[in-house]
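Following: one structure in structure tokens, then a few remarks.
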Amino acid sequence: MAVSPDFEVERLPATFGAVVRDVKLSALSDDAFDAFYACWLDHGLLIVPDQFLTEAEQIAFAQRFGPLEIELGVLTNLLPDGSLRPCDDEADDMVKVFRGNMAWHQDSTYMPVQAKAAVFSAVTVPDGYVTEFADMEAAYDALDPGERRSVDGLSAYHSLVRSQAKVGHVQTAASNYDGYGMDVAEPPLRPLVKCHPETGRKSLSIGRHAFALDEGDEAASEAMLNRLRDVACRAPRTWAHIWSPGDVVIWDNRRLMHRAGPWDMTIPRVMWHSRIAGDPASEGVATV
Ligand SMILES: [Fe+2]
């Protein structure tokens, strides 16, 4: 366990991730935040229990990582009147968004600029509810030289329209999903091997939004992408965080994939999600 003057850091038993204790995220000095940020870059995932941030505190904390793509999204199966959203309603696209996010992905790879990071807070969570994370740097490192050669230089198209169609979500004017990401006319083409703009480390850029390589037919592309995902998302490169109310989790979306765990949607879940924007120079896609 590492102890800095500002907080205590306990590594997870995985290739990434740490739990940070003895810290109050809403009251970090600039120097303490710099140390926290360096720790976050090093581990890729920081889990900070017992924070109970207010909405304003969450937004202010997330802004310290950079400009926000999404200031504060409330991810919940509660309707505005407090009643539960019917989880078996085939017309409910929000339920389909929840279901889609149960597959491995990185946020906003279907947008022209992929997200940098996310700050997630647990407000109300079912007992045992998990989010899983997977380390795509360690996954790239684990490839043998021949496999690395086969992925270096390849790119894949990413589309939320495609990934949501797999769970039956076809966006219409009547949808209760606001359509974010469903209106991207040209699916971005992203290299399968991403270079982290701050650490210089290489990682696999795959996940549920990737649907076709820039060479080969679509079925062969999907088979290769699925094989890479299945090999990548194995111990010791994965971690399942079991949420408690008050937890704050910050992940590096340029390094990790994640997926929501399944949960009984008859039990309330309320989580806050702030999405930090990527740098167009490193998370954007080349235009021709
Ligand atoms: Fe996500």
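Residue names in the structure tokens use chain letters A, B, ... in the order shown, residue numbers from 1 in each chain, and ligand numbers from 1 in the order shown.
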Can you pull out every residue from range 14-166 of chain A that DSSP, working from the backbone, puts in strand (DSSP E or B), and format the result as a PDB file with N, CA and C atoms, in the first residue's frame?
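And here's part.pdb as it stands now:
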```
ATOM      1  N   ALA A  18      -6.755   0.903  -8.591  1.00  0.00           N
ATOM      2  CA  ALA A  18      -6.411   1.068  -7.181  1.00  0.00           C
ATOM      3  C   ALA A  18      -7.604   1.658  -6.448  1.00  0.00           C
ATOM      4  N   VAL A  19      -7.645   1.392  -5.144  1.00  0.00           N
ATOM      5  CA  VAL A  19      -8.623   2.021  -4.258  1.00  0.00           C
ATOM      6  C   VAL A  19      -7.897   3.136  -3.509  1.00  0.00           C
ATOM      7  N   VAL A  20      -8.522   4.301  -3.468  1.00  0.00           N
ATOM      8  CA  VAL A  20      -7.917   5.457  -2.789  1.00  0.00           C
ATOM      9  C   VAL A  20      -8.747   5.778  -1.547  1.00  0.00           C
ATOM     10  N   ARG A  21      -8.056   5.912  -0.429  1.00  0.00           N
ATOM     11  CA  ARG A  21      -8.751   6.212   0.826  1.00  0.00           C
ATOM     12  C   ARG A  21      -8.125   7.434   1.482  1.00  0.00           C
ATOM     13  N   LEU A  45      -7.600   3.335 -13.297  1.00  0.00           N
ATOM     14  CA  LEU A  45      -8.901   3.253 -12.616  1.00  0.00           C
ATOM     15  C   LEU A  45      -8.669   3.548 -11.140  1.00  0.00           C
ATOM     16  N   LEU A  46      -9.373   4.554 -10.624  1.00  0.00           N
ATOM     17  CA  LEU A  46      -9.319   4.812  -9.183  1.00  0.00           C
ATOM     18  C   LEU A  46     -10.728   4.698  -8.617  1.00  0.00           C
ATOM     19  N   ILE A  47     -10.833   3.976  -7.514  1.00  0.00           N
ATOM     20  CA  ILE A  47     -12.099   3.748  -6.820  1.00  0.00           C
ATOM     21  C   ILE A  47     -11.995   4.465  -5.477  1.00  0.00           C
ATOM     22  N   VAL A  48     -12.917   5.378  -5.234  1.00  0.00           N
ATOM     23  CA  VAL A  48     -12.815   6.209  -4.029  1.00  0.00           C
ATOM     24  C   VAL A  48     -14.131   6.091  -3.252  1.00  0.00           C
ATOM     25  N   LEU A  68     -15.841  18.921 -20.331  1.00  0.00           N
ATOM     26  CA  LEU A  68     -16.779  17.803 -20.235  1.00  0.00           C
ATOM     27  C   LEU A  68     -17.542  17.602 -21.544  1.00  0.00           C
ATOM     28  N   GLU A  69     -17.638  16.350 -21.939  1.00  0.00           N
ATOM     29  CA  GLU A  69     -18.501  15.978 -23.069  1.00  0.00           C
ATOM     30  C   GLU A  69     -19.946  15.857 -22.581  1.00  0.00           C
ATOM     31  N   ILE A  70     -20.116  15.255 -21.411  1.00  0.00           N
ATOM     32  CA  ILE A  70     -21.429  15.167 -20.759  1.00  0.00           C
ATOM     33  C   ILE A  70     -21.231  15.640 -19.326  1.00  0.00           C
ATOM     34  N   GLU A  71     -21.921  16.724 -18.975  1.00  0.00           N
ATOM     35  CA  GLU A  71     -21.701  17.320 -17.644  1.00  0.00           C
ATOM     36  C   GLU A  71     -22.144  16.374 -16.534  1.00  0.00           C
ATOM     37  N   LEU A  72     -23.408  15.982 -16.574  1.00  0.00           N
ATOM     38  CA  LEU A  72     -23.886  15.047 -15.562  1.00  0.00           C
ATOM     39  C   LEU A  72     -25.124  14.331 -16.096  1.00  0.00           C
ATOM     40  N   GLY A  73     -24.925  13.080 -16.465  1.00  0.00           N
ATOM     41  CA  GLY A  73     -26.046  12.255 -16.915  1.00  0.00           C
ATOM     42  C   GLY A  73     -26.520  11.402 -15.754  1.00  0.00           C
ATOM     43  N   VAL A  74     -27.830  11.352 -15.546  1.00  0.00           N
ATOM     44  CA  VAL A  74     -28.392  10.519 -14.487  1.00  0.00           C
ATOM     45  C   VAL A  74     -28.828   9.205 -15.126  1.00  0.00           C
ATOM     46  N   LEU A  75     -28.136   8.127 -14.765  1.00  0.00           N
ATOM     47  CA  LEU A  75     -28.431   6.808 -15.327  1.00  0.00           C
ATOM     48  C   LEU A  75     -29.292   6.058 -14.321  1.00  0.00           C
ATOM     49  N   THR A  76     -30.569   5.993 -14.596  1.00  0.00           N
ATOM     50  CA  THR A  76     -31.482   5.428 -13.606  1.00  0.00           C
ATOM     51  C   THR A  76     -32.632   4.711 -14.282  1.00  0.00           C
ATOM     52  N   LEU A  78     -35.453   4.811 -12.692  1.00  0.00           N
ATOM     53  CA  LEU A  78     -36.607   5.499 -12.107  1.00  0.00           C
ATOM     54  C   LEU A  78     -37.113   6.550 -13.083  1.00  0.00           C
ATOM     55  N   LEU A  84     -40.862   2.992 -11.053  1.00  0.00           N
ATOM     56  CA  LEU A  84     -39.890   2.201 -11.814  1.00  0.00           C
ATOM     57  C   LEU A  84     -40.248   2.166 -13.295  1.00  0.00           C
ATOM     58  N   HIS A 105     -17.104  -2.046 -23.821  1.00  0.00           N
ATOM     59  CA  HIS A 105     -16.975  -0.889 -24.722  1.00  0.00           C
ATOM     60  C   HIS A 105     -16.106   0.196 -24.090  1.00  0.00           C
ATOM     61  N   VAL A 113     -14.944  12.349 -31.698  1.00  0.00           N
ATOM     62  CA  VAL A 113     -13.881  12.396 -30.687  1.00  0.00           C
ATOM     63  C   VAL A 113     -14.260  11.450 -29.548  1.00  0.00           C
ATOM     64  N   ALA A 117     -12.281  10.211 -20.377  1.00  0.00           N
ATOM     65  CA  ALA A 117     -12.428   9.596 -19.057  1.00  0.00           C
ATOM     66  C   ALA A 117     -13.869   9.721 -18.603  1.00  0.00           C
ATOM     67  N   ALA A 118     -14.162   9.080 -17.481  1.00  0.00           N
ATOM     68  CA  ALA A 118     -15.489   9.217 -16.884  1.00  0.00           C
ATOM     69  C   ALA A 118     -15.351   9.275 -15.372  1.00  0.00           C
ATOM     70  N   VAL A 119     -16.223  10.078 -14.775  1.00  0.00           N
ATOM     71  CA  VAL A 119     -16.401  10.099 -13.319  1.00  0.00           C
ATOM     72  C   VAL A 119     -17.800   9.560 -13.057  1.00  0.00           C
ATOM     73  N   PHE A 120     -17.873   8.457 -12.326  1.00  0.00           N
ATOM     74  CA  PHE A 120     -19.143   7.782 -12.040  1.00  0.00           C
ATOM     75  C   PHE A 120     -19.357   7.792 -10.535  1.00  0.00           C
ATOM     76  N   SER A 121     -20.576   8.122 -10.114  1.00  0.00           N
ATOM     77  CA  SER A 121     -20.911   8.082  -8.687  1.00  0.00           C
ATOM     78  C   SER A 121     -22.113   7.180  -8.473  1.00  0.00           C
ATOM     79  N   ALA A 122     -22.075   6.447  -7.380  1.00  0.00           N
ATOM     80  CA  ALA A 122     -23.221   5.619  -7.007  1.00  0.00           C
ATOM     81  C   ALA A 122     -24.088   6.388  -6.026  1.00  0.00           C
ATOM     82  N   VAL A 123     -25.333   6.607  -6.405  1.00  0.00           N
ATOM     83  CA  VAL A 123     -26.290   7.262  -5.504  1.00  0.00           C
ATOM     84  C   VAL A 123     -27.144   6.185  -4.835  1.00  0.00           C
ATOM     85  N   THR A 124     -27.812   5.378  -5.668  1.00  0.00           N
ATOM     86  CA  THR A 124     -28.626   4.254  -5.180  1.00  0.00           C
ATOM     87  C   THR A 124     -28.261   3.044  -6.026  1.00  0.00           C
ATOM     88  N   VAL A 130     -22.395  -4.532  -9.978  1.00  0.00           N
ATOM     89  CA  VAL A 130     -21.002  -4.359 -10.384  1.00  0.00           C
ATOM     90  C   VAL A 130     -20.894  -3.621 -11.716  1.00  0.00           C
ATOM     91  N   THR A 131     -19.772  -2.944 -11.884  1.00  0.00           N
ATOM     92  CA  THR A 131     -19.282  -2.536 -13.198  1.00  0.00           C
ATOM     93  C   THR A 131     -17.932  -3.222 -13.382  1.00  0.00           C
ATOM     94  N   GLU A 132     -17.730  -3.792 -14.553  1.00  0.00           N
ATOM     95  CA  GLU A 132     -16.463  -4.466 -14.828  1.00  0.00           C
ATOM     96  C   GLU A 132     -15.586  -3.589 -15.721  1.00  0.00           C
ATOM     97  N   PHE A 133     -14.287  -3.733 -15.522  1.00  0.00           N
ATOM     98  CA  PHE A 133     -13.298  -2.990 -16.300  1.00  0.00           C
ATOM     99  C   PHE A 133     -12.270  -3.965 -16.867  1.00  0.00           C
ATOM    100  N   ALA A 134     -11.692  -3.596 -18.007  1.00  0.00           N
ATOM    101  CA  ALA A 134     -10.670  -4.453 -18.628  1.00  0.00           C
ATOM    102  C   ALA A 134      -9.553  -3.567 -19.185  1.00  0.00           C
ATOM    103  N   ASP A 135      -8.323  -4.010 -18.980  1.00  0.00           N
ATOM    104  CA  ASP A 135      -7.119  -3.226 -19.276  1.00  0.00           C
ATOM    105  C   ASP A 135      -6.632  -3.545 -20.692  1.00  0.00           C
ATOM    106  N   SER A 155      -7.657  -0.837 -38.818  1.00  0.00           N
ATOM    107  CA  SER A 155      -8.610   0.095 -38.206  1.00  0.00           C
ATOM    108  C   SER A 155      -9.998  -0.520 -38.284  1.00  0.00           C
ATOM    109  N   ALA A 156     -10.883  -0.020 -37.402  1.00  0.00           N
ATOM    110  CA  ALA A 156     -12.275  -0.504 -37.394  1.00  0.00           C
ATOM    111  C   ALA A 156     -13.225   0.684 -37.353  1.00  0.00           C
ATOM    112  N   TYR A 157     -14.360   0.501 -37.994  1.00  0.00           N
ATOM    113  CA  TYR A 157     -15.423   1.501 -37.908  1.00  0.00           C
ATOM    114  C   TYR A 157     -16.197   1.294 -36.608  1.00  0.00           C
ATOM    115  N   HIS A 158     -16.665   2.408 -36.033  1.00  0.00           N
ATOM    116  CA  HIS A 158     -17.413   2.350 -34.768  1.00  0.00           C
ATOM    117  C   HIS A 158     -18.766   3.029 -34.959  1.00  0.00           C
TER     118      HIS A 158
END
```
Counting only C-alpha atoms and all ligand atoms, name the residues that have an atom within 12 Å of an atom of ligand 1; the answer should be given as a compact mmCIF listing (two decimals) with C-alpha atoms, in the first residue's frame.
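Written file, pocket-v4.txt:
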```txt
# COMPACT_ATOMS: atom_id res chain seq x y z
CA ILE A 70 -21.43 15.17 -20.76
CA GLY A 73 -26.05 12.25 -16.92
CA LEU A 75 -28.43 6.81 -15.33
CA VAL A 97 -29.35 1.58 -23.76
CA PHE A 98 -28.88 -0.01 -20.31
CA ARG A 99 -28.81 -3.45 -21.93
CA GLY A 100 -26.37 -2.35 -24.64
CA ASN A 101 -23.96 -1.04 -22.00
CA MET A 102 -23.72 -4.54 -20.55
CA ALA A 103 -21.31 -5.37 -23.41
CA TRP A 104 -17.64 -4.34 -23.29
CA HIS A 105 -16.97 -0.89 -24.72
CA GLN A 106 -15.18 2.43 -24.48
CA ASP A 107 -17.32 5.55 -24.29
CA SER A 108 -17.96 7.68 -27.38
CA THR A 109 -15.76 5.72 -29.79
CA TYR A 110 -18.74 6.15 -32.15
CA GLN A 114 -13.66 9.49 -28.24
CA ALA A 115 -14.07 10.33 -24.53
CA LYS A 116 -11.01 10.82 -22.33
CA ALA A 117 -12.43 9.60 -19.06
CA ALA A 118 -15.49 9.22 -16.88
CA VAL A 119 -16.40 10.10 -13.32
CA PHE A 120 -19.14 7.78 -12.04
CA THR A 131 -19.28 -2.54 -13.20
CA GLU A 132 -16.46 -4.47 -14.83
CA PHE A 133 -13.30 -2.99 -16.30
CA LEU A 160 -23.70 3.28 -31.82
CA GLY A 207 -15.44 -3.21 -28.02
CA ARG A 208 -19.12 -3.31 -28.89
CA HIS A 209 -19.18 -0.21 -31.06
CA TRP A 251 -11.57 5.52 -15.31
CA ASP A 252 -9.26 6.30 -18.18
CA ASN A 253 -11.39 5.68 -21.27
CA LEU A 256 -9.84 0.64 -20.27
CA MET A 257 -12.98 -0.96 -21.57
CA HIS A 258 -15.92 -1.36 -19.22
CA ARG A 259 -19.35 -2.95 -19.07
CA ALA A 260 -22.29 -2.62 -16.73
CA GLY A 261 -23.19 -5.71 -14.81
CA TRP A 272 -24.29 9.91 -12.00
CA HIS A 273 -22.05 9.95 -15.01
CA SER A 274 -19.78 12.82 -16.05
CA ARG A 275 -17.92 12.18 -19.32
```
- Rounded to one decimal in Å, what is the spacing between CA of Arg64 in chain A and CA of Asp34 in chain A?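 Interatomic distance, CA of Arg64 in chain A to CA of Asp34 in chain A: 9.7 Å.
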- Query: So what do you get for CA of Leu154 in chain A versus CA of Cys195 in chain A, distance-wise?
  - Reply: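 These two atoms are separated by 13.6 Å.
CA of Val193 in chain A is positioned 6.1 Å from CA of Asp152 in chain A.
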- Message: Please identify the helix (DSSP H, G or I) residues within range 39-268 of chain A (assignment by DSSP from backbone atoms) and present them as a ChimeraX atom specification.
- Response: /A:39-43,55-63,93-100,136-142,145-151,160-165,218-232
